[in-house]
$ cat final.cif   # mmCIF, N, CA and C atoms
data_work
loop_
_atom_site.label_atom_id
_atom_site.label_comp_id
_atom_site.auth_asym_id
_atom_site.auth_seq_id
_atom_site.Cartn_x
_atom_site.Cartn_y
_atom_site.Cartn_z
N VAL A 11 -11.48 13.42 -3.17
CA VAL A 11 -11.58 12.64 -1.94
C VAL A 11 -10.27 11.89 -1.70
N LEU A 12 -9.72 11.33 -2.75
CA LEU A 12 -8.46 10.58 -2.62
C LEU A 12 -7.35 11.48 -2.07
N ASP A 13 -7.25 12.69 -2.60
CA ASP A 13 -6.23 13.62 -2.13
C ASP A 13 -6.46 14.02 -0.68
N GLU A 14 -7.71 14.23 -0.30
CA GLU A 14 -8.03 14.60 1.08
C GLU A 14 -7.66 13.49 2.06
N VAL A 15 -8.02 12.28 1.72
CA VAL A 15 -7.73 11.15 2.61
C VAL A 15 -6.22 10.91 2.69
N SER A 16 -5.54 10.99 1.57
CA SER A 16 -4.09 10.77 1.59
C SER A 16 -3.39 11.86 2.40
N ALA A 17 -3.85 13.10 2.30
CA ALA A 17 -3.27 14.18 3.10
C ALA A 17 -3.54 13.98 4.58
N ALA A 18 -4.73 13.53 4.92
CA ALA A 18 -5.09 13.31 6.32
C ALA A 18 -4.22 12.23 6.97
N HIS A 19 -3.85 11.24 6.17
CA HIS A 19 -3.03 10.13 6.70
C HIS A 19 -1.54 10.32 6.42
N ARG A 20 -1.22 11.36 5.66
CA ARG A 20 0.18 11.64 5.27
C ARG A 20 0.81 10.47 4.53
N VAL A 21 0.04 9.95 3.58
CA VAL A 21 0.52 8.87 2.72
C VAL A 21 0.20 9.24 1.27
N SER A 22 0.70 8.47 0.35
CA SER A 22 0.46 8.75 -1.06
C SER A 22 -0.96 8.36 -1.46
N PRO A 23 -1.46 8.98 -2.52
CA PRO A 23 -2.76 8.57 -3.05
C PRO A 23 -2.78 7.09 -3.46
N ALA A 24 -1.65 6.60 -3.94
CA ALA A 24 -1.57 5.17 -4.33
C ALA A 24 -1.81 4.27 -3.12
N ALA A 25 -1.26 4.65 -1.97
CA ALA A 25 -1.45 3.86 -0.76
C ALA A 25 -2.91 3.86 -0.34
N VAL A 26 -3.56 5.00 -0.43
CA VAL A 26 -4.98 5.08 -0.07
C VAL A 26 -5.81 4.24 -1.03
N ALA A 27 -5.51 4.33 -2.31
CA ALA A 27 -6.26 3.55 -3.30
C ALA A 27 -6.14 2.05 -3.02
N LEU A 28 -4.95 1.60 -2.70
CA LEU A 28 -4.76 0.17 -2.41
C LEU A 28 -5.44 -0.23 -1.09
N ALA A 29 -5.38 0.65 -0.10
CA ALA A 29 -6.06 0.37 1.17
C ALA A 29 -7.57 0.29 0.96
N TRP A 30 -8.10 1.16 0.11
CA TRP A 30 -9.53 1.13 -0.20
C TRP A 30 -9.87 -0.17 -0.93
N LEU A 31 -9.06 -0.56 -1.89
CA LEU A 31 -9.31 -1.81 -2.61
C LEU A 31 -9.30 -3.01 -1.68
N ARG A 32 -8.40 -2.97 -0.70
CA ARG A 32 -8.31 -4.06 0.27
C ARG A 32 -9.61 -4.23 1.05
N GLU A 33 -10.37 -3.16 1.20
CA GLU A 33 -11.63 -3.19 1.95
C GLU A 33 -12.84 -3.59 1.10
N GLN A 34 -12.65 -3.78 -0.19
CA GLN A 34 -13.76 -4.12 -1.07
C GLN A 34 -14.02 -5.62 -1.05
N PRO A 35 -15.23 -6.03 -0.75
CA PRO A 35 -15.52 -7.46 -0.65
C PRO A 35 -15.32 -8.21 -1.97
N SER A 36 -15.42 -7.52 -3.07
CA SER A 36 -15.26 -8.19 -4.36
C SER A 36 -13.81 -8.31 -4.81
N VAL A 37 -12.87 -7.79 -4.01
CA VAL A 37 -11.45 -7.85 -4.35
C VAL A 37 -10.77 -8.84 -3.40
N ALA A 38 -10.24 -9.92 -3.97
CA ALA A 38 -9.57 -10.92 -3.14
C ALA A 38 -8.24 -10.38 -2.60
N ALA A 39 -7.48 -9.72 -3.45
CA ALA A 39 -6.21 -9.13 -3.04
C ALA A 39 -5.81 -8.08 -4.07
N PRO A 40 -5.61 -6.84 -3.63
CA PRO A 40 -5.15 -5.83 -4.57
C PRO A 40 -3.71 -6.14 -4.99
N VAL A 41 -3.43 -5.97 -6.24
CA VAL A 41 -2.11 -6.28 -6.77
C VAL A 41 -1.48 -4.99 -7.27
N ALA A 42 -0.24 -4.76 -6.87
CA ALA A 42 0.48 -3.57 -7.31
C ALA A 42 1.93 -3.96 -7.57
N SER A 43 2.57 -3.18 -8.40
CA SER A 43 3.98 -3.43 -8.66
C SER A 43 4.72 -2.10 -8.66
N ALA A 44 6.04 -2.19 -8.51
CA ALA A 44 6.87 -0.99 -8.49
C ALA A 44 8.08 -1.22 -9.39
N ARG A 45 8.45 -0.16 -10.08
CA ARG A 45 9.65 -0.22 -10.92
C ARG A 45 10.82 0.52 -10.29
N THR A 46 10.54 1.37 -9.30
CA THR A 46 11.59 2.15 -8.66
C THR A 46 11.49 2.02 -7.15
N VAL A 47 12.57 2.39 -6.47
CA VAL A 47 12.58 2.36 -5.01
C VAL A 47 11.54 3.35 -4.46
N ALA A 48 11.41 4.50 -5.10
CA ALA A 48 10.42 5.49 -4.65
C ALA A 48 9.01 4.92 -4.72
N GLN A 49 8.69 4.21 -5.79
CA GLN A 49 7.36 3.59 -5.91
C GLN A 49 7.18 2.52 -4.85
N LEU A 50 8.21 1.77 -4.57
CA LEU A 50 8.13 0.73 -3.54
C LEU A 50 7.85 1.33 -2.18
N LYS A 51 8.49 2.46 -1.86
CA LYS A 51 8.25 3.12 -0.57
C LYS A 51 6.80 3.58 -0.46
N GLU A 52 6.21 4.04 -1.55
CA GLU A 52 4.79 4.42 -1.53
C GLU A 52 3.91 3.21 -1.23
N LEU A 53 4.25 2.08 -1.84
CA LEU A 53 3.45 0.88 -1.63
C LEU A 53 3.58 0.35 -0.20
N GLU A 54 4.73 0.55 0.41
CA GLU A 54 4.94 0.08 1.78
C GLU A 54 4.03 0.81 2.77
N GLN A 55 3.56 2.00 2.42
CA GLN A 55 2.69 2.77 3.30
C GLN A 55 1.36 2.06 3.54
N VAL A 56 0.99 1.17 2.66
CA VAL A 56 -0.31 0.49 2.76
C VAL A 56 -0.36 -0.43 3.97
N ARG A 57 0.76 -1.01 4.35
CA ARG A 57 0.77 -2.00 5.43
C ARG A 57 0.14 -1.49 6.72
N GLY A 58 0.48 -0.30 7.14
CA GLY A 58 -0.05 0.21 8.40
C GLY A 58 -1.26 1.11 8.26
N LEU A 59 -1.74 1.28 7.05
CA LEU A 59 -2.83 2.22 6.80
C LEU A 59 -4.18 1.55 7.03
N ARG A 60 -4.97 2.14 7.93
CA ARG A 60 -6.33 1.68 8.18
C ARG A 60 -7.26 2.86 7.93
N LEU A 61 -8.16 2.69 7.00
CA LEU A 61 -9.11 3.74 6.66
C LEU A 61 -10.33 3.64 7.57
N ALA A 62 -10.84 4.80 7.97
CA ALA A 62 -12.06 4.86 8.76
C ALA A 62 -13.25 4.55 7.86
N HIS A 63 -14.34 4.12 8.49
CA HIS A 63 -15.54 3.77 7.74
C HIS A 63 -16.03 4.92 6.87
N ASP A 64 -16.01 6.14 7.41
CA ASP A 64 -16.47 7.29 6.63
C ASP A 64 -15.55 7.58 5.45
N GLU A 65 -14.26 7.31 5.60
CA GLU A 65 -13.33 7.50 4.49
C GLU A 65 -13.59 6.47 3.39
N ILE A 66 -13.83 5.24 3.79
CA ILE A 66 -14.14 4.19 2.82
C ILE A 66 -15.41 4.54 2.07
N SER A 67 -16.41 5.00 2.80
CA SER A 67 -17.68 5.39 2.17
C SER A 67 -17.48 6.54 1.18
N ALA A 68 -16.71 7.54 1.57
CA ALA A 68 -16.47 8.69 0.68
C ALA A 68 -15.72 8.27 -0.57
N LEU A 69 -14.73 7.40 -0.41
CA LEU A 69 -13.97 6.91 -1.56
C LEU A 69 -14.85 6.06 -2.47
N THR A 70 -15.71 5.26 -1.88
CA THR A 70 -16.63 4.43 -2.65
C THR A 70 -17.58 5.32 -3.45
N GLY A 71 -18.11 6.34 -2.81
CA GLY A 71 -19.00 7.28 -3.50
C GLY A 71 -18.31 7.99 -4.64
N ALA A 72 -17.05 8.36 -4.44
CA ALA A 72 -16.30 9.04 -5.49
C ALA A 72 -15.95 8.13 -6.64
N SER A 73 -15.91 6.83 -6.38
CA SER A 73 -15.52 5.90 -7.44
C SER A 73 -16.68 5.55 -8.37
N ALA A 74 -17.88 5.88 -7.96
CA ALA A 74 -19.06 5.52 -8.76
C ALA A 74 -19.24 6.42 -9.95
#

$ encode --input "final.cif" --output "structure tokens"
Amino acid sequence: VLDEVSAAHRVSPAAVALAWLREQPSVAAPVASARTVAQLKELEQVRGLRLAHDEISALTGASA
């Protein structure tokens, strides 16, 4: 599911995972770090990423 959603949005799986975490009521703020510029660019994708309700549901189901 993670790969499908990331491909649909043309972003990295890490960006989708963080966007999904941002939507979880039990998570105050997802925390991520980067050691390289490439990793930082992946994390920057999260800012404009909005997941649809069905995508959030599918990711939640896959995480169980």

$ closest_residue --input "final.cif" --among "A:Ala74, A:Ala18, A:Ala29, A:Val47" --to "A:Leu59" --atoms "only N, CA and C atoms"
A:Ala29

$ atom_distance --input "final.cif" --atom1 "atom N of A:Pro23" --atom2 "atom CA of A:Glu52"
7.8 Å

$ residues_around --input "final.cif" --residues "A:Lys51" --least-positions-apart "4" --cutoff "12 Å" --atoms "only C-alpha atoms" --output "MDAnalysis selection string"
chainID A and resid 21:22 24:25 43:47 55:57

$ atom_distance --input "final.cif" --atom1 "atom CA of A:Gly58" --atom2 "atom CA of A:Ser16"
13.2 Å

$ atom_distance --input "final.cif" --atom1 "atom C of A:Val11" --atom2 "atom N of A:Ala39"
21.9 Å

$ resolve_selection --input "final.cif" --expression "the PyMOL selection byres (((chain A and resi 62-68 and name CA) around 9) and name CA)" --output "ChimeraX atom specification"
/A:11-12,15,30,33,60-61,69-73

$ select_by_dssp --input "final.cif" --residues "chain A" --states "helix (DSSP H, G or I)" --output "mmCIF file with N, CA and C atoms, in the frame of the given file"
data_model
loop_
_atom_site.group_PDB
_atom_site.id
_atom_site.type_symbol
_atom_site.label_atom_id
_atom_site.label_comp_id
_atom_site.auth_asym_id
_atom_site.auth_seq_id
_atom_site.Cartn_x
_atom_site.Cartn_y
_atom_site.Cartn_z
ATOM 1 N N LEU A 12 -9.720 11.330 -2.750
ATOM 2 C CA LEU A 12 -8.460 10.580 -2.620
ATOM 3 C C LEU A 12 -7.350 11.480 -2.070
ATOM 4 N N ASP A 13 -7.250 12.690 -2.600
ATOM 5 C CA ASP A 13 -6.230 13.620 -2.130
ATOM 6 C C ASP A 13 -6.460 14.020 -0.680
ATOM 7 N N GLU A 14 -7.710 14.230 -0.300
ATOM 8 C CA GLU A 14 -8.030 14.600 1.080
ATOM 9 C C GLU A 14 -7.660 13.490 2.060
ATOM 10 N N VAL A 15 -8.020 12.280 1.720
ATOM 11 C CA VAL A 15 -7.730 11.150 2.610
ATOM 12 C C VAL A 15 -6.220 10.910 2.690
ATOM 13 N N SER A 16 -5.540 10.990 1.570
ATOM 14 C CA SER A 16 -4.090 10.770 1.590
ATOM 15 C C SER A 16 -3.390 11.860 2.400
ATOM 16 N N ALA A 17 -3.850 13.100 2.300
ATOM 17 C CA ALA A 17 -3.270 14.180 3.100
ATOM 18 C C ALA A 17 -3.540 13.980 4.580
ATOM 19 N N ALA A 18 -4.730 13.530 4.920
ATOM 20 C CA ALA A 18 -5.090 13.310 6.320
ATOM 21 C C ALA A 18 -4.220 12.230 6.970
ATOM 22 N N HIS A 19 -3.850 11.240 6.170
ATOM 23 C CA HIS A 19 -3.030 10.130 6.700
ATOM 24 C C HIS A 19 -1.540 10.320 6.420
ATOM 25 N N PRO A 23 -1.460 8.980 -2.520
ATOM 26 C CA PRO A 23 -2.760 8.570 -3.050
ATOM 27 C C PRO A 23 -2.780 7.090 -3.460
ATOM 28 N N ALA A 24 -1.650 6.600 -3.940
ATOM 29 C CA ALA A 24 -1.570 5.170 -4.330
ATOM 30 C C ALA A 24 -1.810 4.270 -3.120
ATOM 31 N N ALA A 25 -1.260 4.650 -1.970
ATOM 32 C CA ALA A 25 -1.450 3.860 -0.760
ATOM 33 C C ALA A 25 -2.910 3.860 -0.340
ATOM 34 N N VAL A 26 -3.560 5.000 -0.430
ATOM 35 C CA VAL A 26 -4.980 5.080 -0.070
ATOM 36 C C VAL A 26 -5.810 4.240 -1.030
ATOM 37 N N ALA A 27 -5.510 4.330 -2.310
ATOM 38 C CA ALA A 27 -6.260 3.550 -3.300
ATOM 39 C C ALA A 27 -6.140 2.050 -3.020
ATOM 40 N N LEU A 28 -4.950 1.600 -2.700
ATOM 41 C CA LEU A 28 -4.760 0.170 -2.410
ATOM 42 C C LEU A 28 -5.440 -0.230 -1.090
ATOM 43 N N ALA A 29 -5.380 0.650 -0.100
ATOM 44 C CA ALA A 29 -6.060 0.370 1.170
ATOM 45 C C ALA A 29 -7.570 0.290 0.960
ATOM 46 N N TRP A 30 -8.100 1.160 0.110
ATOM 47 C CA TRP A 30 -9.530 1.130 -0.200
ATOM 48 C C TRP A 30 -9.870 -0.170 -0.930
ATOM 49 N N LEU A 31 -9.060 -0.560 -1.890
ATOM 50 C CA LEU A 31 -9.310 -1.810 -2.610
ATOM 51 C C LEU A 31 -9.300 -3.010 -1.680
ATOM 52 N N ARG A 32 -8.400 -2.970 -0.700
ATOM 53 C CA ARG A 32 -8.310 -4.060 0.270
ATOM 54 C C ARG A 32 -9.610 -4.230 1.050
ATOM 55 N N VAL A 47 12.570 2.390 -6.470
ATOM 56 C CA VAL A 47 12.580 2.360 -5.010
ATOM 57 C C VAL A 47 11.540 3.350 -4.460
ATOM 58 N N ALA A 48 11.410 4.500 -5.100
ATOM 59 C CA ALA A 48 10.420 5.490 -4.650
ATOM 60 C C ALA A 48 9.010 4.920 -4.720
ATOM 61 N N GLN A 49 8.690 4.210 -5.790
ATOM 62 C CA GLN A 49 7.360 3.590 -5.910
ATOM 63 C C GLN A 49 7.180 2.520 -4.850
ATOM 64 N N LEU A 50 8.210 1.770 -4.570
ATOM 65 C CA LEU A 50 8.130 0.730 -3.540
ATOM 66 C C LEU A 50 7.850 1.330 -2.180
ATOM 67 N N LYS A 51 8.490 2.460 -1.860
ATOM 68 C CA LYS A 51 8.250 3.120 -0.570
ATOM 69 C C LYS A 51 6.800 3.580 -0.460
ATOM 70 N N GLU A 52 6.210 4.040 -1.550
ATOM 71 C CA GLU A 52 4.790 4.420 -1.530
ATOM 72 C C GLU A 52 3.910 3.210 -1.230
ATOM 73 N N LEU A 53 4.250 2.080 -1.840
ATOM 74 C CA LEU A 53 3.450 0.880 -1.630
ATOM 75 C C LEU A 53 3.580 0.350 -0.200
ATOM 76 N N GLU A 54 4.730 0.550 0.410
ATOM 77 C CA GLU A 54 4.940 0.080 1.780
ATOM 78 C C GLU A 54 4.030 0.810 2.770
ATOM 79 N N HIS A 63 -14.340 4.120 8.490
ATOM 80 C CA HIS A 63 -15.540 3.770 7.740
ATOM 81 C C HIS A 63 -16.030 4.920 6.870
ATOM 82 N N ASP A 64 -16.010 6.140 7.410
ATOM 83 C CA ASP A 64 -16.470 7.290 6.630
ATOM 84 C C ASP A 64 -15.550 7.580 5.450
ATOM 85 N N GLU A 65 -14.260 7.310 5.600
ATOM 86 C CA GLU A 65 -13.330 7.500 4.490
ATOM 87 C C GLU A 65 -13.590 6.470 3.390
ATOM 88 N N ILE A 66 -13.830 5.240 3.790
ATOM 89 C CA ILE A 66 -14.140 4.190 2.820
ATOM 90 C C ILE A 66 -15.410 4.540 2.070
ATOM 91 N N SER A 67 -16.410 5.000 2.800
ATOM 92 C CA SER A 67 -17.680 5.390 2.170
ATOM 93 C C SER A 67 -17.480 6.540 1.180
ATOM 94 N N ALA A 68 -16.710 7.540 1.570
ATOM 95 C CA ALA A 68 -16.470 8.690 0.680
ATOM 96 C C ALA A 68 -15.720 8.270 -0.570
ATOM 97 N N LEU A 69 -14.730 7.400 -0.410
ATOM 98 C CA LEU A 69 -13.970 6.910 -1.560
ATOM 99 C C LEU A 69 -14.850 6.060 -2.470
ATOM 100 N N THR A 70 -15.710 5.260 -1.880
ATOM 101 C CA THR A 70 -16.630 4.430 -2.650
ATOM 102 C C THR A 70 -17.580 5.320 -3.450
ATOM 103 N N GLY A 71 -18.110 6.340 -2.810
ATOM 104 C CA GLY A 71 -19.000 7.280 -3.500
ATOM 105 C C GLY A 71 -18.310 7.990 -4.640
ATOM 106 N N ALA A 72 -17.050 8.360 -4.440
ATOM 107 C CA ALA A 72 -16.300 9.040 -5.490
ATOM 108 C C ALA A 72 -15.950 8.130 -6.640
ATOM 109 N N SER A 73 -15.910 6.830 -6.380
ATOM 110 C CA SER A 73 -15.520 5.900 -7.440
ATOM 111 C C SER A 73 -16.680 5.550 -8.370
#

$ closest_residue --input "final.cif" --among "A:Val26, A:Ala42, A:Val37, A:Ala48" --to "A:Asp13" --atoms "only C-alpha atoms"
A:Val26

$ decode --input "final.cif" --residues "chain A" --atoms "C-alpha atoms" --output "PDB file, in the first residue's frame"
ATOM      1  CA  VAL A  11       0.000   0.000   0.000  1.00  0.00           C
ATOM      2  CA  LEU A  12       2.835   2.376   0.864  1.00  0.00           C
ATOM      3  CA  ASP A  13       4.458   1.836  -2.531  1.00  0.00           C
ATOM      4  CA  GLU A  14       1.148   2.324  -4.349  1.00  0.00           C
ATOM      5  CA  VAL A  15       0.351   5.572  -2.572  1.00  0.00           C
ATOM      6  CA  SER A  16       3.873   6.934  -3.013  1.00  0.00           C
ATOM      7  CA  ALA A  17       3.773   6.109  -6.737  1.00  0.00           C
ATOM      8  CA  ALA A  18       0.364   7.763  -7.112  1.00  0.00           C
ATOM      9  CA  HIS A  19       1.679  10.978  -5.554  1.00  0.00           C
ATOM     10  CA  ARG A  20       5.159  10.692  -7.099  1.00  0.00           C
ATOM     11  CA  VAL A  21       6.845  11.032  -3.727  1.00  0.00           C
ATOM     12  CA  SER A  22       9.027   8.770  -1.635  1.00  0.00           C
ATOM     13  CA  PRO A  23       7.598   6.115   0.674  1.00  0.00           C
ATOM     14  CA  ALA A  24       9.185   8.032   3.567  1.00  0.00           C
ATOM     15  CA  ALA A  25       7.123  11.107   2.677  1.00  0.00           C
ATOM     16  CA  VAL A  26       3.916   9.061   2.592  1.00  0.00           C
ATOM     17  CA  ALA A  27       4.745   7.429   5.924  1.00  0.00           C
ATOM     18  CA  LEU A  28       5.289  10.816   7.558  1.00  0.00           C
ATOM     19  CA  ALA A  29       2.138  12.265   5.981  1.00  0.00           C
ATOM     20  CA  TRP A  30       0.180   9.279   7.317  1.00  0.00           C
ATOM     21  CA  LEU A  31       1.677   9.756  10.793  1.00  0.00           C
ATOM     22  CA  ARG A  32       0.687  13.418  10.681  1.00  0.00           C
ATOM     23  CA  GLU A  33      -2.948  12.301  10.284  1.00  0.00           C
ATOM     24  CA  GLN A  34      -2.908  10.008  13.327  1.00  0.00           C
ATOM     25  CA  PRO A  35      -4.708  11.518  16.319  1.00  0.00           C
ATOM     26  CA  SER A  36      -2.329   9.824  18.737  1.00  0.00           C
ATOM     27  CA  VAL A  37       0.750  11.456  17.142  1.00  0.00           C
ATOM     28  CA  ALA A  38       1.428  15.024  18.237  1.00  0.00           C
ATOM     29  CA  ALA A  39       4.143  15.573  15.630  1.00  0.00           C
ATOM     30  CA  PRO A  40       6.031  13.074  13.492  1.00  0.00           C
ATOM     31  CA  VAL A  41       9.763  13.468  13.937  1.00  0.00           C
ATOM     32  CA  ALA A  42      12.269  12.685  11.207  1.00  0.00           C
ATOM     33  CA  SER A  43      15.893  13.443  10.592  1.00  0.00           C
ATOM     34  CA  ALA A  44      18.208  13.409   7.602  1.00  0.00           C
ATOM     35  CA  ARG A  45      21.915  12.763   7.306  1.00  0.00           C
ATOM     36  CA  THR A  46      22.237  13.596   3.607  1.00  0.00           C
ATOM     37  CA  VAL A  47      20.875  16.172   1.189  1.00  0.00           C
ATOM     38  CA  ALA A  48      19.046  13.396  -0.682  1.00  0.00           C
ATOM     39  CA  GLN A  49      17.256  12.344   2.513  1.00  0.00           C
ATOM     40  CA  LEU A  50      16.365  15.963   3.236  1.00  0.00           C
ATOM     41  CA  LYS A  51      14.798  16.338  -0.224  1.00  0.00           C
ATOM     42  CA  GLU A  52      12.624  13.277   0.469  1.00  0.00           C
ATOM     43  CA  LEU A  53      11.465  14.793   3.748  1.00  0.00           C
ATOM     44  CA  GLU A  54      10.614  18.098   2.058  1.00  0.00           C
ATOM     45  CA  GLN A  55       8.013  16.257  -0.043  1.00  0.00           C
ATOM     46  CA  VAL A  56       5.832  15.922   3.058  1.00  0.00           C
ATOM     47  CA  ARG A  57       5.020  19.636   3.217  1.00  0.00           C
ATOM     48  CA  GLY A  58       2.685  19.678   0.229  1.00  0.00           C
ATOM     49  CA  LEU A  59       1.475  16.102   0.475  1.00  0.00           C
ATOM     50  CA  ARG A  60      -2.182  15.606   1.382  1.00  0.00           C
ATOM     51  CA  LEU A  61      -3.440  12.050   1.545  1.00  0.00           C
ATOM     52  CA  ALA A  62      -7.016  11.215   0.604  1.00  0.00           C
ATOM     53  CA  HIS A  63      -9.259   9.600   3.200  1.00  0.00           C
ATOM     54  CA  ASP A  64      -9.213   6.258   1.366  1.00  0.00           C
ATOM     55  CA  GLU A  65      -5.409   6.331   1.233  1.00  0.00           C
ATOM     56  CA  ILE A  66      -5.198   6.994   4.963  1.00  0.00           C
ATOM     57  CA  SER A  67      -7.618   4.142   5.598  1.00  0.00           C
ATOM     58  CA  ALA A  68      -5.640   1.741   3.393  1.00  0.00           C
ATOM     59  CA  LEU A  69      -2.368   2.679   5.082  1.00  0.00           C
ATOM     60  CA  THR A  70      -3.955   2.295   8.505  1.00  0.00           C
ATOM     61  CA  GLY A  71      -5.256  -1.150   7.564  1.00  0.00           C
ATOM     62  CA  ALA A  72      -1.840  -2.181   6.293  1.00  0.00           C
ATOM     63  CA  SER A  73      -0.176  -1.030   9.489  1.00  0.00           C
ATOM     64  CA  ALA A  74      -2.263  -3.292  11.708  1.00  0.00           C
TER      65      ALA A  74
END
